[in-house]
Amino acid sequence: MPSAEPESSSLSRALDFLSDWTLLSYAVWTLLAYLGMATGARVSILVPAWLATVPLAALALVVLGRRTGGPPSERVPASGEILRGSQRLGYLLGAGIALALVSAVLAGTTRGQAWPVVWGTAVLAFGFISTAALLRPERAEGTVPPLGRLSHLFAVCVGFALAVMSLFLNRGSADDVFYVNRATATAQLNRIPVRDVLVTNEQVDPASGVGLPVDSFSALQGAMARLFDVAAPSIAYYVTPPLFTFLAVWALWRLLRLWASRATTVCFAVGVAYLLFSAQFNLTAGSFFLNRMWQGKVIFVAWLVPTLYVLLTKWLARHDGATALLLLAAGVSSIGLTGSATFAVPLIFATAGLALLVRRYWPALALVAGAASIPFVIGFAATRVYPLSDALSGHRYGPPWFFHSVFGVGLVCALGLLGLWAAPWLVRPGPPALIAAGIGAVTILLLAPGFLPALTELAGIQGALRRTLWVVPLPAVVGLLASVRVGGWMGRRWSVAVPAAALVALLIGFGQPLWDSHTQPGQSFWTSRPLWKTSQGRIAEARTILSRYHGPGPILADEPIMAAISLVTVQPKAVNPRRWYIRLTGEPQATKEERIRLTAFVAADTSELPRPSPQQVREDLTHLQVDLVCVDDSLQDVIREVEAAGPYEPAFRARGHICLERNDSAA
């Protein structure tokens with residue numbers, strides 16, 4: 001299966017090595033973190049042990065790379081040259097493109113009302129295009145010209161610019177109440193917690209979308225915070241985003257270097273534009289990029305998924321030791337980044353496994369199956385101890401809901417779907433075409449009417465299964481659309497540049513930029529300086545309260561303030577940092593209801609009404625052993641109720657709030 005990247009520069013080789021080194025090093029950390037979770041080992045011991053392995057990981061890559069002897073140097077056919085002289089393939093391709101356009105337009109405009117038609121035309125489009133792609137000869141006249149040093153330098157500059165940009169966007173994420181709190185706990189406790197540290201001291205199961213305490217990335221942020229004696233959110237918000245934004249951009253460049261049949265730099269530029277203007281929903285590609293690049297699941301989508309496809313493409317081309325090691329490392333790293341890797345990563349590996357299975361390359365297939373099984377086995381084992389939980393369970397959603405959550409709507413959706421179906425033809429023949437066809441086949445199965453709804457019934461989760469569609473590297477397949485050459489009369493350069501410019505213009509005109517809110521039009525996330533990715537006012541209030549309160553009991557305040565408290569410290573606790581997570585903890589249902597009732601009681605937003613009765617307030621405060629209640633000073637009736645509910649007395653004021661502390665001696 002010949003497929004080679006055109007000759008690379010020393011700069012690109014160095015950055016490829018950096019990305020691979022990061023992947024292998026993080027895999028080692030994940031294994032050590034799991035050992036620490038199992039034994040309760042101190043982070044101050046785990047970190048030096050891990051740092052000692054980092055140079056060994058680099059050495060292993062160097063040694064295995066030398067044994068491999070460098071990338072293969074075979075001539076790579078440009079797919080656009082192959083159609084000549086093959087009329088039947090032309091008919092197949094033409095029919096497939098026409099059907100792909102119909103499917104993309106319907107998907108982008110109907111919002112699921114005609115899903116059987118969307119899916120049916122997609123099946124035909126994918127079948128025609130992939131058949132034409134896989135039947136074409138792998139060799140033909142014409143080669144992809146080597147990429148010059150300026151092309152690699154352009155990718156570096158784009159990556160650097162977006163890395164800096166990540167520091168000046170402040171798009172808060174409610175999920176940080178879980179992720180950053182876990183990093184803070186690791187730093188402050190000097191160990192990696194396994195059970196809940198959000199509202200209890202590991203007394204109940206953790207609050208998580210799928211209930212799997214397999215996250216080692218937040219633990220790494222906390223470990224680094226402890227090592228350098230800084231706050232864990234500072235590592236999460238100042239260090240992680242620029243580093244992994246650059247690596248994510250470079251991963252896209254690496255993948256397109258292997259896949260694009262022409263105009264690689266232009267394809268890359270369009271792929272980046274898609275990332276910047278596809279932030280329509282919480283799970284679309286633009287929302288899983290630099291504006292949330294401190295969460296493991298976002299890093300998984302933006303960096304690890306394209307990196308996996310780079311490794312799988314190389315593995316199909318040649319079965320070398322360095323790629324084998326990195327594929328195994330990717331399996332370990334994936335589950336450390338997100339519990340969703342349990343089901344997403346086996347699907348990604350299946351895209352290459354299908355080709356190996358058909359061609360009966362058993363040793364190579366065994367390696368792919370083994371790497372794919374790592375996150376599945378770890379995730380499945382975790383579910384035996386921590387049962388799956390999902391706040392969306394019980395709701396019934398059809399395939400369009402799963403699809404649009406990730407692909408978006410309108411033009412963004414249409415371009416993603418069109419790129420997906422066209423990818424088997426647009427990529428180079430050989431391994432790239434085989435993997436692109438595998439991606440399409442897996443996606444067709446996932447989107448089949450009734451498949452994902454049936455899977456939700458079997459697995460008992462629903463919201464997380466949208467993430468199975470992470471199998472599609474959307475920025476790459478949309479970028480590949482720029483390799484389509486139209487209007488040969490315009491000349492070679494203009495016939496590519498004009499369509500690419502049109503794609504970018506359409507994305508700018510009809511897409512959703514990641515620096516603007518998709519829920520509150522007109523709200524911008526730009527800031528004049530790097531900040532923690534949350535409300536600065538709430539953080540200031542939380543710090544003021546914590547500086548004046550020294551009791552051990554939990555703090556009750558408005559929910560945004562309690563969320564800020566959970567980012568800063570794990571002791572004292574907040575009563576309810578986020579009710580979404582409260583519903584997913586392992587606490588008794590009565591205790592969850594107490595937390596939610598008290599949150600409604602002190603809420604400054606009157607939409608929280610009806611508030612609980614004074615008797616309920618008294619009982620809930622006593623049962624939860626709340627030691628401090630901070631109330632907006634405009635809510636005088638609430639303040640009086642707190643004073644009447646038990647031995648609470650005004651202790652201090654904190655930025656427009658009156659804080660009443662329990663005084664048992666006054667009882």
# chains A, B, ... in the order shown; residues from 1 in each chain; ligands from 1
$ residues_around --residues "Pro432 of chain A" --least-positions-apart "3" --cutoff "10 Å" --atoms "only C-alpha atoms" --output "ChimeraX atom specification"
/A:1-4,255-256,258-261,309-310,312-314,316-317,352,423-429,435-438
$ residues_around --residues "segment 125-134 of chain A" --least-positions-apart "4" --cutoff "12 Å" --atoms "only C-alpha atoms" --output "PyMOL selection string"
chain A and resi 79-80+82-83+86-104+117-121+138+355+417-445
$ closest_residue --among "A:Thr307, A:Ser613, A:Gln520, A:Asn291" --to "Pro473 of chain A" --atoms "only C-alpha atoms"
A:Thr307
$ select_by_dssp --residues "segment 413-645 of chain A" --states "strand (DSSP E)" --output "MDAnalysis selection string"
chainID A and resid 555:556 628:632
$ write_last_selection --atoms "N, CA and C atoms" --output "PDB file, in the first residue's frame"
ATOM      1  N   ILE A 555     -20.225  26.082  52.160  1.00  0.00           N
ATOM      2  CA  ILE A 555     -20.665  27.456  51.958  1.00  0.00           C
ATOM      3  C   ILE A 555     -21.870  27.446  51.029  1.00  0.00           C
ATOM      4  N   LEU A 556     -22.911  28.196  51.415  1.00  0.00           N
ATOM      5  CA  LEU A 556     -24.085  28.372  50.573  1.00  0.00           C
ATOM      6  C   LEU A 556     -24.094  29.802  50.047  1.00  0.00           C
ATOM      7  N   LEU A 628     -21.683  28.580  56.496  1.00  0.00           N
ATOM      8  CA  LEU A 628     -21.664  29.963  56.043  1.00  0.00           C
ATOM      9  C   LEU A 628     -22.696  30.135  54.933  1.00  0.00           C
ATOM     10  N   VAL A 629     -23.512  31.186  55.052  1.00  0.00           N
ATOM     11  CA  VAL A 629     -24.518  31.512  54.039  1.00  0.00           C
ATOM     12  C   VAL A 629     -24.272  32.947  53.590  1.00  0.00           C
ATOM     13  N   CYS A 630     -24.003  33.128  52.303  1.00  0.00           N
ATOM     14  CA  CYS A 630     -23.762  34.459  51.754  1.00  0.00           C
ATOM     15  C   CYS A 630     -24.925  34.822  50.841  1.00  0.00           C
ATOM     16  N   VAL A 631     -25.570  35.951  51.165  1.00  0.00           N
ATOM     17  CA  VAL A 631     -26.784  36.355  50.472  1.00  0.00           C
ATOM     18  C   VAL A 631     -26.607  37.761  49.922  1.00  0.00           C
ATOM     19  N   ASP A 632     -27.101  37.995  48.716  1.00  0.00           N
ATOM     20  CA  ASP A 632     -27.094  39.335  48.139  1.00  0.00           C
ATOM     21  C   ASP A 632     -27.787  40.289  49.115  1.00  0.00           C
TER      22      ASP A 632
END
$ closest_residue --among "A:Arg466, A:Ala448, A:Gly321, A:Gly553" --to "Pro116 of chain A" --atoms "only C-alpha atoms"
A:Ala448
